[in-house]
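Participant: There's a structure below that I have some questions on.
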Amino acid sequence: MNEKVPISSGIETKIQADTIHHYDDSFRFIIAMARAYLRYGGYSFETDASLTRIIEALGLNGEINATPNSIEIAVWLDDESQQTIYMAMTRDTDYNLAKLAQVENLSDQVVGGKALPAQGLERLKEIDRAPDVYGNLMNPLAFVLCGAGFAVVIGMSWLNVFLGGVFGLISFGVTLFASRNSRMEIIMELLAAAIVVVLASGLAVLYPGIIPLGVTVCAVVWFIPGFGLTIAPREIIYGNTLSGIIHLTNALVVGLKLLLGALIGLSVSRSLFPASIPESLPGV
């Protein structure tokens with residue numbers, strides 16, 4: 001005699017299977033979002049807040065621990081002792097604010113119920129595959145305009161403004177070279193500052209109106225870690241102490257490398273062109 005399976009049992013099995021499927025899709029989407037924030041340079045407080053909103057919107061529970069180059073996520077349904085844990089680290093953050101804005105927009109869509117986790121996964125793949133908003137021509141132009149613009153801000157002559165922009169291309173060249181040679185990346189700022197000081201000092205022999213130190217500051221201003229110095233206090237204030245300390249430490253190290261590079265360049269320049277380097281910047 002065949003034993004009948006209760007209908008309620010089949011319904012419960014289907015509900016359980018749907019729950020597991022929803023949980024798997026949701027967790028994969030949360031991981032993908034975490035990696036996107038980490039890759040494109042989202043700062044820790046915003047990453048934490050955004051992922052927490054997503055977890056709550058998907059009906060899950062979770063804890064986030066984010067730093068500038070690592071992230072840990074614990075997610076569970078009802079039983080906190082049955083957690084699924086994910087951890088990721090990166091050393092090569094690509095600060096891409098355009099793509100970061102698209103990721104944040106996707107987060108709002110999922111939280112608002114306008115997109116499912118599976119759709120979000122596909123959208124993240126599209127964002128990752130999309131070409132950069134700014135092409136190869138815009139990157140060196142940004143270095144030029146940044147250097148020239150800062151020279152205008154500190155009241156330098158038009159000759160020094162021009163050279164601040166031109167030598168900005170040297171900073172771009174060093175950055176491009178370092179991006180293709182990981183061993184050079186650690187001394188990128190030091191190398192750029194040293195090269196610009198020496199070249200600017202050499203030109204000052206021919207054109208006495210050139211101020212080598214001022215031109216150098218303008219040419220390497222792109223490297224000044226304003227992001228880290230402004231984000232660090234915010235992270236600490238919001239309780240992300242470790243993240244704030246990391247941002248502050250990274251910023252101080254970059255500043256130290258710029259200073260050391262300038263000092264090395266000055267030492268070389270004063271031995272080669274002793275009369276070309278004034279003692280101070282304009283207006284100081």
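By order of appearance in the structure tokens: chains A, B, ..., then residues from 1 within every chain, and ligands from 1 in the order shown.
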Could you go through range 143-261 of chain A and tell me which residues DSSP, when run on the backbone, assigns to helix (DSSP H, G or I), listing them as a ChimeraX atom specification?
Facilitator: /A:143-153,158-179,182-185,188-206,212-219,221-223,226-237,241-261
Participant: Just list as a PDB file with C-alpha atoms, in the first residue's frame whatever in range 28-261 of chain A DSSP marks as strand (DSSP E or B).
Facilitator:
```
ATOM      1  CA  ASN A  61      21.182  39.685   9.302  1.00  0.00           C
ATOM      2  CA  GLY A  62      24.845  40.584   9.112  1.00  0.00           C
ATOM      3  CA  GLU A  63      27.956  42.296  10.424  1.00  0.00           C
ATOM      4  CA  ILE A  64      30.507  44.246   8.356  1.00  0.00           C
ATOM      5  CA  ASN A  65      34.119  45.123   9.142  1.00  0.00           C
ATOM      6  CA  ALA A  66      35.627  47.256   6.360  1.00  0.00           C
ATOM      7  CA  THR A  67      39.049  48.895   6.056  1.00  0.00           C
ATOM      8  CA  SER A  70      40.183  44.549   3.398  1.00  0.00           C
ATOM      9  CA  ILE A  71      36.627  43.610   4.241  1.00  0.00           C
ATOM     10  CA  GLU A  72      34.969  40.932   6.393  1.00  0.00           C
ATOM     11  CA  ILE A  73      31.286  40.022   6.137  1.00  0.00           C
ATOM     12  CA  ALA A  74      29.193  37.680   8.285  1.00  0.00           C
ATOM     13  CA  VAL A  75      25.631  36.949   7.104  1.00  0.00           C
ATOM     14  CA  TRP A  76      22.940  34.698   8.586  1.00  0.00           C
ATOM     15  CA  THR A  84      28.318  32.477   6.382  1.00  0.00           C
ATOM     16  CA  ILE A  85      31.566  34.442   6.497  1.00  0.00           C
ATOM     17  CA  TYR A  86      33.479  36.088   3.670  1.00  0.00           C
ATOM     18  CA  MET A  87      36.794  37.942   3.792  1.00  0.00           C
ATOM     19  CA  ALA A  88      38.663  39.744   0.995  1.00  0.00           C
ATOM     20  CA  MET A  89      41.837  41.815   0.747  1.00  0.00           C
TER      21      MET A  89
END
```
Participant: List as a short mmCIF file (atom, residue, chain, number, x, y, z; two decimals) with C-alpha atoms, in the first residue's frame the protein and nucleic acid residues near Gly209 in chain A, meaning an atom at most 10 Å away when only C-alpha atoms are counted, but skip any in the same chain fewer than 6 places from it.
Facilitator:
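Written output follows (result-v5.cif):
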```
data_model
loop_
_atom_site.label_atom_id
_atom_site.label_comp_id
_atom_site.auth_asym_id
_atom_site.auth_seq_id
_atom_site.Cartn_x
_atom_site.Cartn_y
_atom_site.Cartn_z
CA SER A 157 54.21 83.92 -12.86
CA LEU A 159 56.17 81.08 -17.02
CA ASN A 160 56.00 79.04 -13.83
CA LEU A 203 65.99 75.27 -16.64
CA SER A 276 69.51 78.29 -9.65
#
```
Participant: Per residue of range 27-61 of chain A within 12 Å of range 127-150 of chain A, which atom pair is closest and at what distance in Å (one decimal), using only C-alpha atoms, listed by chain and increasing number, as a Markdown table?
Facilitator:
```
| residue | atom | partner | partner_atom | distance |
| --- | --- | --- | --- | --- |
| A:Ala32 | CA | A:Asp128 | CA | 10.8 |
| A:Met33 | CA | A:Ile127 | CA | 11.3 |
| A:Arg35 | CA | A:Asp128 | CA | 11.0 |
| A:Ala36 | CA | A:Asp128 | CA | 8.4 |
| A:Tyr37 | CA | A:Asp128 | CA | 11.6 |
| A:Arg39 | CA | A:Asp128 | CA | 9.9 |
| A:Tyr40 | CA | A:Asp128 | CA | 9.8 |
```
Participant: Name all residues at most 10 Å from range 232-240 of chain A (count only C-alpha atoms; drop same-chain ones fewer than 5 positions away) and give them as a PyMOL selection string.
Facilitator: chain A and resi 43-46+48+65-67+227+245-251
Participant: By how many Å are CA of Phe29 in chain A and CA of Gly59 in chain A apart?
Facilitator: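 Pair CA of Phe29 in chain A / CA of Gly59 in chain A returns 13.5 Å.
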Participant: With only C-alpha atoms as the basis for distance, which of A:Val197, A:Ile264, A:Met184, A:Ala118 is at the shortest distance from Ile210 in chain A?
Facilitator: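 Checking each candidate against Ile210 in chain A, we get A:Val197 as the closest.
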Participant: Can you list, as number ranges by chain, every protein, DNA or RNA residue that comes within 9 Å of Arg53 in chain A when you count only C-alpha atoms, leaving out same-chain residues fewer than 3 positions away?
Facilitator: A: 48-50, 56-58, 107-108, 111
